[in-house]
$ cat run.cif   # mmCIF, C-alpha atoms; chains and numbers go by the auth columns
data_work
loop_
_atom_site.group_PDB
_atom_site.id
_atom_site.type_symbol
_atom_site.label_atom_id
_atom_site.label_comp_id
_atom_site.label_asym_id
_atom_site.label_seq_id
_atom_site.Cartn_x
_atom_site.Cartn_y
_atom_site.Cartn_z
_atom_site.B_iso_or_equiv
_atom_site.auth_seq_id
_atom_site.auth_asym_id
ATOM 1 C CA MET A 1 0.000 0.000 0.000 0.00 1 A
ATOM 2 C CA VAL A 2 1.231 3.477 -0.842 0.00 2 A
ATOM 3 C CA ALA A 3 -0.262 6.123 1.406 0.00 3 A
ATOM 4 C CA ASP A 4 -2.208 9.067 0.040 0.00 4 A
ATOM 5 C CA GLU A 5 -1.765 12.764 0.862 0.00 5 A
ATOM 6 C CA PRO A 6 -3.982 12.822 3.996 0.00 6 A
ATOM 7 C CA THR A 7 -2.341 9.662 5.367 0.00 7 A
ATOM 8 C CA PHE A 8 1.156 11.002 4.731 0.00 8 A
ATOM 9 C CA ALA A 9 0.238 14.312 6.379 0.00 9 A
ATOM 10 C CA ARG A 10 -1.250 12.560 9.419 0.00 10 A
ATOM 11 C CA LEU A 11 1.769 10.272 9.795 0.00 11 A
ATOM 12 C CA MET A 12 4.185 13.177 9.398 0.00 12 A
ATOM 13 C CA GLY A 13 2.319 15.217 11.989 0.00 13 A
ATOM 14 C CA SER A 14 2.507 12.327 14.436 0.00 14 A
ATOM 15 C CA ALA A 15 6.171 11.701 13.643 0.00 15 A
ATOM 16 C CA GLN A 16 6.992 15.356 14.274 0.00 16 A
ATOM 17 C CA THR A 17 5.460 15.082 17.747 0.00 17 A
ATOM 18 C CA GLY A 18 7.676 12.099 18.574 0.00 18 A
ATOM 19 C CA ASP A 19 5.463 9.097 17.729 0.00 19 A
ATOM 20 C CA LYS A 20 8.082 6.442 16.855 0.00 20 A
ATOM 21 C CA ALA A 21 5.553 3.973 15.435 0.00 21 A
ATOM 22 C CA ALA A 22 4.175 6.650 13.085 0.00 22 A
ATOM 23 C CA CYS A 23 7.735 7.577 12.110 0.00 23 A
ATOM 24 C CA ASN A 24 8.541 3.956 11.224 0.00 24 A
ATOM 25 C CA VAL A 25 5.375 3.579 9.143 0.00 25 A
ATOM 26 C CA LEU A 26 6.045 6.943 7.489 0.00 26 A
ATOM 27 C CA LEU A 27 9.608 5.984 6.550 0.00 27 A
ATOM 28 C CA SER A 28 8.373 2.713 5.097 0.00 28 A
ATOM 29 C CA GLU A 29 5.609 4.379 3.063 0.00 29 A
ATOM 30 C CA VAL A 30 7.904 7.164 1.891 0.00 30 A
ATOM 31 C CA GLY A 31 10.395 4.509 0.760 0.00 31 A
ATOM 32 C CA VAL A 32 7.713 2.790 -1.331 0.00 32 A
ATOM 33 C CA TRP A 33 6.598 6.132 -2.795 0.00 33 A
ATOM 34 C CA LEU A 34 10.201 7.045 -3.651 0.00 34 A
ATOM 35 C CA GLU A 35 10.794 3.725 -5.408 0.00 35 A
ATOM 36 C CA ARG A 36 7.799 4.424 -7.630 0.00 36 A
ATOM 37 C CA TYR A 37 8.926 8.024 -8.134 0.00 37 A
ATOM 38 C CA PHE A 38 12.416 7.001 -9.296 0.00 38 A
ATOM 39 C CA ARG A 39 11.381 3.952 -11.347 0.00 39 A
ATOM 40 C CA ARG A 40 11.083 6.044 -14.519 0.00 40 A
ATOM 41 C CA ARG A 41 13.876 8.432 -13.696 0.00 41 A
ATOM 42 C CA VAL A 42 16.944 6.268 -13.139 0.00 42 A
ATOM 43 C CA PRO A 43 18.188 2.844 -14.205 0.00 43 A
ATOM 44 C CA PRO A 44 16.961 0.027 -11.929 0.00 44 A
ATOM 45 C CA HIS A 45 20.355 -0.617 -10.347 0.00 45 A
ATOM 46 C CA GLN A 46 20.513 2.981 -9.033 0.00 46 A
ATOM 47 C CA ILE A 47 17.086 3.134 -7.360 0.00 47 A
ATOM 48 C CA ASP A 48 18.013 1.667 -3.956 0.00 48 A
ATOM 49 C CA ASP A 49 20.952 4.010 -3.393 0.00 49 A
ATOM 50 C CA LEU A 50 18.931 7.022 -4.443 0.00 50 A
ATOM 51 C CA VAL A 51 15.986 6.056 -2.227 0.00 51 A
ATOM 52 C CA GLN A 52 18.368 5.736 0.735 0.00 52 A
ATOM 53 C CA GLU A 53 19.891 9.163 0.026 0.00 53 A
ATOM 54 C CA VAL A 54 16.439 10.751 -0.101 0.00 54 A
ATOM 55 C CA LEU A 55 15.278 8.961 3.054 0.00 55 A
ATOM 56 C CA ILE A 56 18.284 10.375 4.910 0.00 56 A
ATOM 57 C CA ALA A 57 17.559 13.872 3.591 0.00 57 A
ATOM 58 C CA PHE A 58 13.861 13.438 4.377 0.00 58 A
ATOM 59 C CA TYR A 59 14.582 12.341 7.937 0.00 59 A
ATOM 60 C CA THR A 60 17.034 15.205 8.426 0.00 60 A
ATOM 61 C CA LYS A 61 14.622 17.821 7.036 0.00 61 A
ATOM 62 C CA ARG A 62 11.423 16.439 8.604 0.00 62 A
ATOM 63 C CA GLY A 63 11.245 19.367 11.026 0.00 63 A
ATOM 64 C CA THR A 64 10.947 21.841 8.151 0.00 64 A
ATOM 65 C CA TRP A 65 7.608 20.493 6.919 0.00 65 A
ATOM 66 C CA ASP A 66 4.738 22.889 7.624 0.00 66 A
ATOM 67 C CA PRO A 67 1.544 20.968 8.561 0.00 67 A
ATOM 68 C CA SER A 68 -0.570 23.662 6.901 0.00 68 A
ATOM 69 C CA ARG A 69 0.984 22.787 3.516 0.00 69 A
ATOM 70 C CA PRO A 70 0.627 19.608 1.408 0.00 70 A
ATOM 71 C CA PHE A 71 3.097 16.831 2.196 0.00 71 A
ATOM 72 C CA LEU A 72 3.669 15.236 -1.215 0.00 72 A
ATOM 73 C CA PRO A 73 4.935 18.376 -3.028 0.00 73 A
ATOM 74 C CA TRP A 74 7.344 18.924 -0.121 0.00 74 A
ATOM 75 C CA LEU A 75 8.576 15.322 -0.388 0.00 75 A
ATOM 76 C CA ALA A 76 8.755 15.531 -4.191 0.00 76 A
ATOM 77 C CA ALA A 77 10.934 18.653 -3.942 0.00 77 A
ATOM 78 C CA ILE A 78 13.415 16.820 -1.712 0.00 78 A
ATOM 79 C CA ALA A 79 13.369 13.820 -4.068 0.00 79 A
ATOM 80 C CA ARG A 80 13.852 16.007 -7.133 0.00 80 A
ATOM 81 C CA TYR A 81 16.862 17.847 -5.649 0.00 81 A
ATOM 82 C CA ARG A 82 18.495 14.591 -4.555 0.00 82 A
ATOM 83 C CA TRP A 83 17.804 13.089 -7.980 0.00 83 A
ATOM 84 C CA ILE A 84 19.556 16.004 -9.681 0.00 84 A
ATOM 85 C CA ASP A 85 22.499 15.718 -7.262 0.00 85 A
ATOM 86 C CA HIS A 86 22.605 11.982 -7.926 0.00 86 A
ATOM 87 C CA LEU A 87 22.661 12.485 -11.698 0.00 87 A
ATOM 88 C CA ARG A 88 25.471 15.006 -11.410 0.00 88 A
ATOM 89 C CA LYS A 89 27.491 12.625 -9.259 0.00 89 A
ATOM 90 C CA VAL A 90 26.865 9.503 -11.329 0.00 90 A
ATOM 91 C CA TYR A 91 27.409 11.039 -14.746 0.00 91 A
ATOM 92 C CA LYS A 92 30.040 13.630 -13.907 0.00 92 A
ATOM 93 C CA HIS A 93 32.982 11.535 -15.057 0.00 93 A
ATOM 94 C CA ASP A 94 31.046 9.056 -17.131 0.00 94 A
ATOM 95 C CA SER A 95 31.192 10.161 -20.758 0.00 95 A
ATOM 96 C CA LYS A 96 29.754 7.007 -22.261 0.00 96 A
ATOM 97 C CA GLU A 97 26.086 6.981 -23.210 0.00 97 A
ATOM 98 C CA LEU A 98 23.506 4.950 -21.363 0.00 98 A
ATOM 99 C CA MET A 99 23.247 1.427 -22.641 0.00 99 A
ATOM 100 C CA GLU A 100 19.920 0.296 -24.098 0.00 100 A
ATOM 101 C CA ASP A 101 19.139 -1.850 -21.049 0.00 101 A
ATOM 102 C CA ASP A 102 19.556 1.217 -18.823 0.00 102 A
ATOM 103 C CA ALA A 103 17.151 3.325 -20.851 0.00 103 A
ATOM 104 C CA ILE A 104 14.495 5.096 -18.896 0.00 104 A
ATOM 105 C CA GLU A 105 10.895 4.748 -20.051 0.00 105 A
ATOM 106 C CA ASP A 106 9.562 7.767 -21.908 0.00 106 A
ATOM 107 C CA SER A 107 6.975 9.568 -19.866 0.00 107 A
ATOM 108 C CA ASP A 108 5.041 12.792 -20.006 0.00 108 A
ATOM 109 C CA GLU A 109 4.721 12.692 -16.217 0.00 109 A
ATOM 110 C CA GLU A 110 7.575 15.147 -15.654 0.00 110 A
ATOM 111 C CA VAL A 111 6.135 17.632 -18.129 0.00 111 A
ATOM 112 C CA VAL A 112 2.712 17.444 -16.493 0.00 112 A
ATOM 113 C CA MET A 113 4.167 17.760 -12.987 0.00 113 A
ATOM 114 C CA ALA A 114 6.286 20.718 -14.059 0.00 114 A
ATOM 115 C CA ARG A 115 3.281 22.461 -15.612 0.00 115 A
ATOM 116 C CA VAL A 116 1.144 21.882 -12.500 0.00 116 A
ATOM 117 C CA SER A 117 3.942 23.239 -10.304 0.00 117 A
ATOM 118 C CA LEU A 118 4.374 26.231 -12.579 0.00 118 A
ATOM 119 C CA ASP A 119 0.640 26.956 -12.600 0.00 119 A
ATOM 120 C CA ARG A 120 0.586 26.841 -8.792 0.00 120 A
ATOM 121 C CA LEU A 121 3.498 29.273 -8.639 0.00 121 A
ATOM 122 C CA PHE A 122 1.844 31.586 -11.180 0.00 122 A
ATOM 123 C CA LEU A 123 -1.195 31.822 -8.886 0.00 123 A
ATOM 124 C CA LYS A 124 1.048 33.573 -6.354 0.00 124 A
ATOM 125 C CA LEU A 125 2.071 36.250 -8.855 0.00 125 A
ATOM 126 C CA PRO A 126 0.126 39.282 -9.986 0.00 126 A
ATOM 127 C CA GLU A 127 -1.744 38.370 -13.181 0.00 127 A
ATOM 128 C CA LYS A 128 0.218 40.769 -15.421 0.00 128 A
ATOM 129 C CA GLN A 129 3.552 39.314 -14.266 0.00 129 A
ATOM 130 C CA ALA A 130 2.396 35.723 -14.785 0.00 130 A
ATOM 131 C CA THR A 131 1.018 36.564 -18.229 0.00 131 A
ATOM 132 C CA ALA A 132 4.222 38.333 -19.321 0.00 132 A
ATOM 133 C CA ILE A 133 6.377 35.397 -18.189 0.00 133 A
ATOM 134 C CA GLU A 134 4.053 32.884 -19.850 0.00 134 A
ATOM 135 C CA LEU A 135 4.039 34.716 -23.179 0.00 135 A
ATOM 136 C CA VAL A 136 7.749 35.508 -23.413 0.00 136 A
ATOM 137 C CA LYS A 137 9.567 32.781 -21.465 0.00 137 A
ATOM 138 C CA ILE A 138 7.250 29.837 -22.116 0.00 138 A
ATOM 139 C CA ASP A 139 5.385 30.573 -25.362 0.00 139 A
ATOM 140 C CA GLY A 140 8.459 32.202 -26.938 0.00 140 A
ATOM 141 C CA LEU A 141 6.912 35.494 -28.017 0.00 141 A
ATOM 142 C CA SER A 142 9.135 38.541 -28.366 0.00 142 A
ATOM 143 C CA ILE A 143 8.789 41.437 -25.945 0.00 143 A
ATOM 144 C CA ARG A 144 7.077 43.438 -28.714 0.00 144 A
ATOM 145 C CA GLU A 145 4.593 40.622 -29.479 0.00 145 A
ATOM 146 C CA ALA A 146 3.797 40.195 -25.779 0.00 146 A
ATOM 147 C CA ALA A 147 3.285 43.946 -25.432 0.00 147 A
ATOM 148 C CA GLU A 148 0.860 43.977 -28.365 0.00 148 A
ATOM 149 C CA LYS A 149 -1.018 40.958 -27.038 0.00 149 A
ATOM 150 C CA THR A 150 -1.377 42.321 -23.485 0.00 150 A
ATOM 151 C CA GLY A 151 -1.780 46.003 -24.313 0.00 151 A
ATOM 152 C CA GLN A 152 1.192 46.865 -22.092 0.00 152 A
ATOM 153 C CA SER A 153 4.222 48.866 -23.171 0.00 153 A
ATOM 154 C CA GLU A 154 7.390 46.937 -23.992 0.00 154 A
ATOM 155 C CA SER A 155 9.061 48.448 -20.918 0.00 155 A
ATOM 156 C CA LEU A 156 6.219 47.300 -18.678 0.00 156 A
ATOM 157 C CA VAL A 157 6.399 43.770 -20.096 0.00 157 A
ATOM 158 C CA LYS A 158 10.137 43.694 -19.278 0.00 158 A
ATOM 159 C CA VAL A 159 9.516 45.013 -15.760 0.00 159 A
ATOM 160 C CA ASN A 160 6.733 42.477 -15.176 0.00 160 A
ATOM 161 C CA ILE A 161 8.973 39.634 -16.344 0.00 161 A
ATOM 162 C CA HIS A 162 11.855 40.796 -14.144 0.00 162 A
ATOM 163 C CA ARG A 163 9.693 41.245 -11.045 0.00 163 A
ATOM 164 C CA GLY A 164 7.790 38.022 -11.665 0.00 164 A
ATOM 165 C CA LEU A 165 10.946 35.936 -12.086 0.00 165 A
ATOM 166 C CA LYS A 166 12.404 37.506 -8.951 0.00 166 A
ATOM 167 C CA LYS A 167 9.246 36.615 -6.997 0.00 167 A
ATOM 168 C CA LEU A 168 9.287 33.058 -8.422 0.00 168 A
ATOM 169 C CA ALA A 169 12.902 32.630 -7.345 0.00 169 A
ATOM 170 C CA THR A 170 11.966 33.745 -3.834 0.00 170 A
ATOM 171 C CA LEU A 171 9.042 31.310 -3.721 0.00 171 A
ATOM 172 C CA VAL A 172 11.217 28.400 -4.879 0.00 172 A
ATOM 173 C CA GLU A 173 13.931 29.252 -2.332 0.00 173 A
ATOM 174 C CA GLU A 174 11.323 29.237 0.451 0.00 174 A
ATOM 175 C CA VAL A 175 10.449 25.641 -0.426 0.00 175 A
ATOM 176 C CA GLU A 176 14.081 24.557 -0.183 0.00 176 A
#
$ encode --input "run.cif" --output "structure tokens"
Amino acid sequence: MVADEPTFARLMGSAQTGDKAACNVLLSEVGVWLERYFRRRVPPHQIDDLVQEVLIAFYTKRGTWDPSRPFLPWLAAIARYRWIDHLRKVYKHDSKELMEDDAIEDSDEEVVMARVSLDRLFLKLPEKQATAIELVKIDGLSIREAAEKTGQSESLVKVNIHRGLKKLATLVEEVE
């Protein structure tokens, strides 16, 4: 069984208050969730090591979780950062390409998750900033095209992009 969001949140809340049984169940469930998370991201022989690295980071950072916020995005952020660190470490000196048997399944899951995360972040920005970033940085329009589409001056589009990206960076850093 892999726990759902409310179960993870309840277990984490109990673990933060010192409930050892809840902590053990939570670590077990998080381990199962992480194995599924990494199954499509790394070759099979790397999953166990990566899960262990994330479990250590998770256990170390467990006090930073805010019970008023969802658990799974918090856990996924830790997993994603450890995954990136893992990839850097594993492939830093390895110039050969992945062998066919190590190939990772193609999946649109990352694209969907990234878009959902981005949409959630955009909700925390003023609408004009989010729109300017979306048009120029994501859709690839020029500053002039974005200005014409939004009815803003080119200077205002640039300012909105700058301020919006600065706010997004602050929001992402808060999660870390």
$ resolve_selection --input "run.cif" --expression "the PyMOL selection byres ((chain A and resi 33-40) around 12)" --output "ChimeraX atom specification"
/A:1-5,8,26-32,41-55,58,72,75-80,82-84,86-87,102-110,113
$ resolve_selection --input "run.cif" --expression "the PyMOL selection byres ((chain A and resi 165) around 12)" --output "PyMOL selection string"
chain A and resi 118+121-122+124-126+129-134+136-137+158-164+166-172
$ residues_near_point --input "run.cif" --point "(7.1, 22.9, 5.7)" --cutoff "12 Å" --atoms "all atoms listed in the file" --output "VMD selection string"
chain A and resid 9 12 to 13 16 58 61 to 75 77 to 78 174 to 176
$ atom_distance --input "run.cif" --atom1 "atom CA of A:Val157" --atom2 "atom CA of A:Asp119"
19.3 Å
$ atom_distance --input "run.cif" --atom1 "atom CA of A:Ala114" --atom2 "atom CA of A:Glu127"
19.4 Å
$ atom_distance --input "run.cif" --atom1 "atom CA of A:Thr17" --atom2 "atom CA of A:Tyr81"
26.2 Å
$ residues_around --input "run.cif" --residues "A:Glu145" --least-positions-apart "4" --cutoff "9 Å" --atoms "all atoms listed in the file" --output "JSON, numbers by chain"
{"A": [135, 136, 141, 149, 150, 154]}
$ build_atoms --input "run.cif" --residues "stretch 129-153 of chain A" --atoms "N, CA and C atoms" --output "mmCIF file, in the coordinates of the input"
data_model
loop_
_atom_site.group_PDB
_atom_site.id
_atom_site.type_symbol
_atom_site.label_atom_id
_atom_site.label_comp_id
_atom_site.auth_asym_id
_atom_site.auth_seq_id
_atom_site.Cartn_x
_atom_site.Cartn_y
_atom_site.Cartn_z
ATOM 1 N N GLN A 129 2.219 39.915 -14.299
ATOM 2 C CA GLN A 129 3.552 39.314 -14.266
ATOM 3 C C GLN A 129 3.506 37.877 -14.794
ATOM 4 N N ALA A 130 2.524 37.115 -14.338
ATOM 5 C CA ALA A 130 2.396 35.723 -14.785
ATOM 6 C C ALA A 130 2.160 35.663 -16.292
ATOM 7 N N THR A 131 1.317 36.546 -16.799
ATOM 8 C CA THR A 131 1.018 36.564 -18.229
ATOM 9 C C THR A 131 2.262 36.917 -19.044
ATOM 10 N N ALA A 132 3.006 37.922 -18.599
ATOM 11 C CA ALA A 132 4.222 38.333 -19.321
ATOM 12 C C ALA A 132 5.242 37.193 -19.358
ATOM 13 N N ILE A 133 5.428 36.516 -18.234
ATOM 14 C CA ILE A 133 6.377 35.397 -18.189
ATOM 15 C C ILE A 133 5.902 34.273 -19.099
ATOM 16 N N GLU A 134 4.624 33.966 -19.028
ATOM 17 C CA GLU A 134 4.053 32.884 -19.850
ATOM 18 C C GLU A 134 4.264 33.173 -21.335
ATOM 19 N N LEU A 135 3.945 34.387 -21.761
ATOM 20 C CA LEU A 135 4.039 34.716 -23.179
ATOM 21 C C LEU A 135 5.481 34.735 -23.695
ATOM 22 N N VAL A 136 6.383 35.330 -22.928
ATOM 23 C CA VAL A 136 7.749 35.508 -23.413
ATOM 24 C C VAL A 136 8.634 34.297 -23.110
ATOM 25 N N LYS A 137 8.631 33.832 -21.868
ATOM 26 C CA LYS A 137 9.567 32.781 -21.465
ATOM 27 C C LYS A 137 9.081 31.372 -21.804
ATOM 28 N N ILE A 138 7.771 31.183 -21.859
ATOM 29 C CA ILE A 138 7.250 29.837 -22.116
ATOM 30 C C ILE A 138 6.757 29.700 -23.555
ATOM 31 N N ASP A 139 5.922 30.655 -24.004
ATOM 32 C CA ASP A 139 5.385 30.573 -25.362
ATOM 33 C C ASP A 139 6.375 31.056 -26.420
ATOM 34 N N GLY A 140 7.419 31.792 -26.005
ATOM 35 C CA GLY A 140 8.459 32.202 -26.938
ATOM 36 C C GLY A 140 8.169 33.456 -27.737
ATOM 37 N N LEU A 141 7.185 34.242 -27.304
ATOM 38 C CA LEU A 141 6.912 35.494 -28.017
ATOM 39 C C LEU A 141 8.008 36.511 -27.720
ATOM 40 N N SER A 142 8.185 37.456 -28.616
ATOM 41 C CA SER A 142 9.135 38.541 -28.366
ATOM 42 C C SER A 142 8.492 39.526 -27.390
ATOM 43 N N ILE A 143 9.308 40.405 -26.854
ATOM 44 C CA ILE A 143 8.789 41.437 -25.945
ATOM 45 C C ILE A 143 7.735 42.268 -26.678
ATOM 46 N N ARG A 144 8.013 42.622 -27.925
ATOM 47 C CA ARG A 144 7.077 43.438 -28.714
ATOM 48 C C ARG A 144 5.748 42.698 -28.908
ATOM 49 N N GLU A 145 5.818 41.411 -29.275
ATOM 50 C CA GLU A 145 4.593 40.622 -29.479
ATOM 51 C C GLU A 145 3.789 40.506 -28.187
ATOM 52 N N ALA A 146 4.489 40.295 -27.070
ATOM 53 C CA ALA A 146 3.797 40.195 -25.779
ATOM 54 C C ALA A 146 3.150 41.525 -25.413
ATOM 55 N N ALA A 147 3.837 42.621 -25.713
ATOM 56 C CA ALA A 147 3.285 43.946 -25.432
ATOM 57 C C ALA A 147 2.016 44.181 -26.238
ATOM 58 N N GLU A 148 2.043 43.814 -27.524
ATOM 59 C CA GLU A 148 0.860 43.977 -28.365
ATOM 60 C C GLU A 148 -0.291 43.107 -27.879
ATOM 61 N N LYS A 149 0.014 41.899 -27.468
ATOM 62 C CA LYS A 149 -1.018 40.958 -27.038
ATOM 63 C C LYS A 149 -1.659 41.381 -25.717
ATOM 64 N N THR A 150 -0.853 41.958 -24.808
ATOM 65 C CA THR A 150 -1.377 42.321 -23.485
ATOM 66 C C THR A 150 -1.829 43.775 -23.397
ATOM 67 N N GLY A 151 -1.428 44.591 -24.367
ATOM 68 C CA GLY A 151 -1.780 46.003 -24.313
ATOM 69 C C GLY A 151 -0.865 46.786 -23.381
ATOM 70 N N GLN A 152 0.215 46.191 -22.949
ATOM 71 C CA GLN A 152 1.192 46.865 -22.092
ATOM 72 C C GLN A 152 2.317 47.414 -22.974
ATOM 73 N N SER A 153 3.056 48.378 -22.440
ATOM 74 C CA SER A 153 4.222 48.866 -23.171
ATOM 75 C C SER A 153 5.318 47.804 -23.085
#
